[in-house]
Amino acid sequence: MKQKTRSRIEVGFIYLFIACMFVVIGYPLLWTIGLSLNEGTNLYSSSIIPENWSLEHYKWLFFDEQSNYVQWYKNSLIVAFATSISATIIVCLTSYAFSRYKFVGRKNGLYFFLVLQIFPVIMAMVAIYVLLNTIGLLDSLFGLVLIYVGGAIPMNAFLVKGYFDTIPKELDESAKLDGAGHFRIFFTIMLPLAKPILAVVALFNFMSPLMDFILPRIVLRSPENYTLALGLFNFVSDQFANNFTRFAAGTVLIAIPISIVFLFLQRYLISGLSSGATKG
């Protein structure tokens with residue numbers, strides 16, 4: 001077989017794979033958007049392309065007295081931003097210490113991070129519930145943020161530490177010769193060069209609270225403290241609930257803050273890559 005023919009076949013398979021992935025991802029998304037525009041609340045009478053589309057479900061979410069959607073949206077954004085910012089800061093400091101300093105327990109600490117990633121979060125649900133109840137943070141958004149931040153440290157710290165290791169230590173030594181201290185090296189050298197990985201950490205820790213259901217289900221009790229995932233679940237989980245179209249409308253709107261944050265961080269991701277290529 002000629003090289004040109006083989007290349008065409010390979011490209012054809014690549015496009016076929018991309019098309020299959022587009023169908024797998026796009027079909028449920030189109031159904032969700034179409035469902036949110038259907039009239040009524042019944043799932044089985046709805047269609048992917050509504051004959052008479054309507055925005056009544058979106059209006060109900062924001063303006064109906066029985067809807068707590070706006071409050072749930074605020075709670076989710078508070079938890080998401082607090083988790084993303086706090087986790088990124090703590091992970092950066094932790095990773096920098098493990099990457100650049102030598103201290104007692106450093107190696108065992110890295111192994112401990114690896115071991116913590118093996119066990120799923122659901123195994124600690126009982127301990128989390130008891131701990132938050134003991135310190136009085138049960139049914140609290142602050143308690144939920146603490147759990148998210150604590151759970152983000154092991155995996156993300158190991159990830160960022162590996163990225164810090166790729167930054168030449170000669171840059172640190174040159175800065176020390178010029179009189180720079182540890183914090184100046186951290187803020188002026190390490191962080192600018194680590195923008196790509198920090199953008200990934202910030203984005204993932206922002207997305208998790210918006211889509212997570214298990215932890216809020218365990219921690220939160222009051223409807224006014226619910227996050228979006230937990231509040232929307234109640235639309236379809238009650239015994240006589242039939243709010244699938246409203247549920248679809250609520251889930252579509254979750255994508256808005258995630259898309260905005262992604263577009264915002266993408267700029268720093270690209271600039272961080274070019275900066276790292278130039279300075280490294």
# chains A, B, ... in the order shown; residues from 1 in each chain; ligands from 1
>>> select_by_dssp(residues="segment 23-153 of chain A", states="alpha helix (DSSP H)", output="VMD selection string")
chain A and resid 23 to 36 56 to 63 69 to 100 106 to 118 125 to 134 141 to 153
>>> residues_around(residues="segment 147-154 of chain A", least_positions_apart="5", cutoff="8 Å", atoms="only C-alpha atoms", output="ChimeraX atom specification")
/A:83,86-87,90-91,113-114,116-117,121,128,205,209
>>> atom_distance(atom1="atom CA of Ile189 of chain A", atom2="atom CA of Thr94 of chain A")
16.2 Å
>>> residues_around(residues="Ile254 of chain A", least_positions_apart="4", cutoff="10 Å", atoms="only C-alpha atoms", output="list in words")
Tyr73, Ser76, Leu77, Met207, Leu210, Met211, Leu228, Ala229, Ala249, Gly250, Ile258 and Ser259 of chain A
>>> closest_residue(among="A:Leu159, A:Ala255, A:Ala248, A:Leu265", to="Leu61 of chain A", atoms="only C-alpha atoms")
A:Ala248
>>> atom_distance(atom1="atom CA of Lys59 of chain A", atom2="atom CA of Leu37 of chain A")
11.2 Å
>>> atom_distance(atom1="atom CA of Gly109 of chain A", atom2="atom CA of Gly143 of chain A")
25.1 Å
>>> closest_residue(among="A:Tyr226, A:Tyr163, A:Phe244, A:Tyr69", to="Gly40 of chain A", atoms="only C-alpha atoms")
A:Phe244
>>> residues_around(residues="Ile122 of chain A", least_positions_apart="2", cutoff="12 Å", atoms="only C-alpha atoms", output="list in words")
Ile118, Phe119, Pro120, Ala124, Met125, Val126, Ala127, Ile128, Tyr129, Gly151, Phe213, Ile214, Leu215, Arg217 and Ile218 of chain A
>>> closest_residue(among="A:Arg221, A:Leu253, A:Thr245, A:Phe17", to="Leu137 of chain A", atoms="only C-alpha atoms")
A:Arg221
>>> closest_residue(among="A:Leu198, A:Ala175, A:Leu203, A:Leu131", to="Val219 of chain A", atoms="only C-alpha atoms")
A:Leu131
>>> residues_around(residues="segment 22-30 of chain A", least_positions_apart="4", cutoff="10 Å", atoms="only C-alpha atoms", output="list in words")
Leu16, Phe17, Ile18, Gly34, Leu35, Ser36, Ile48, Ile49, Ala248 and Val252 of chain A
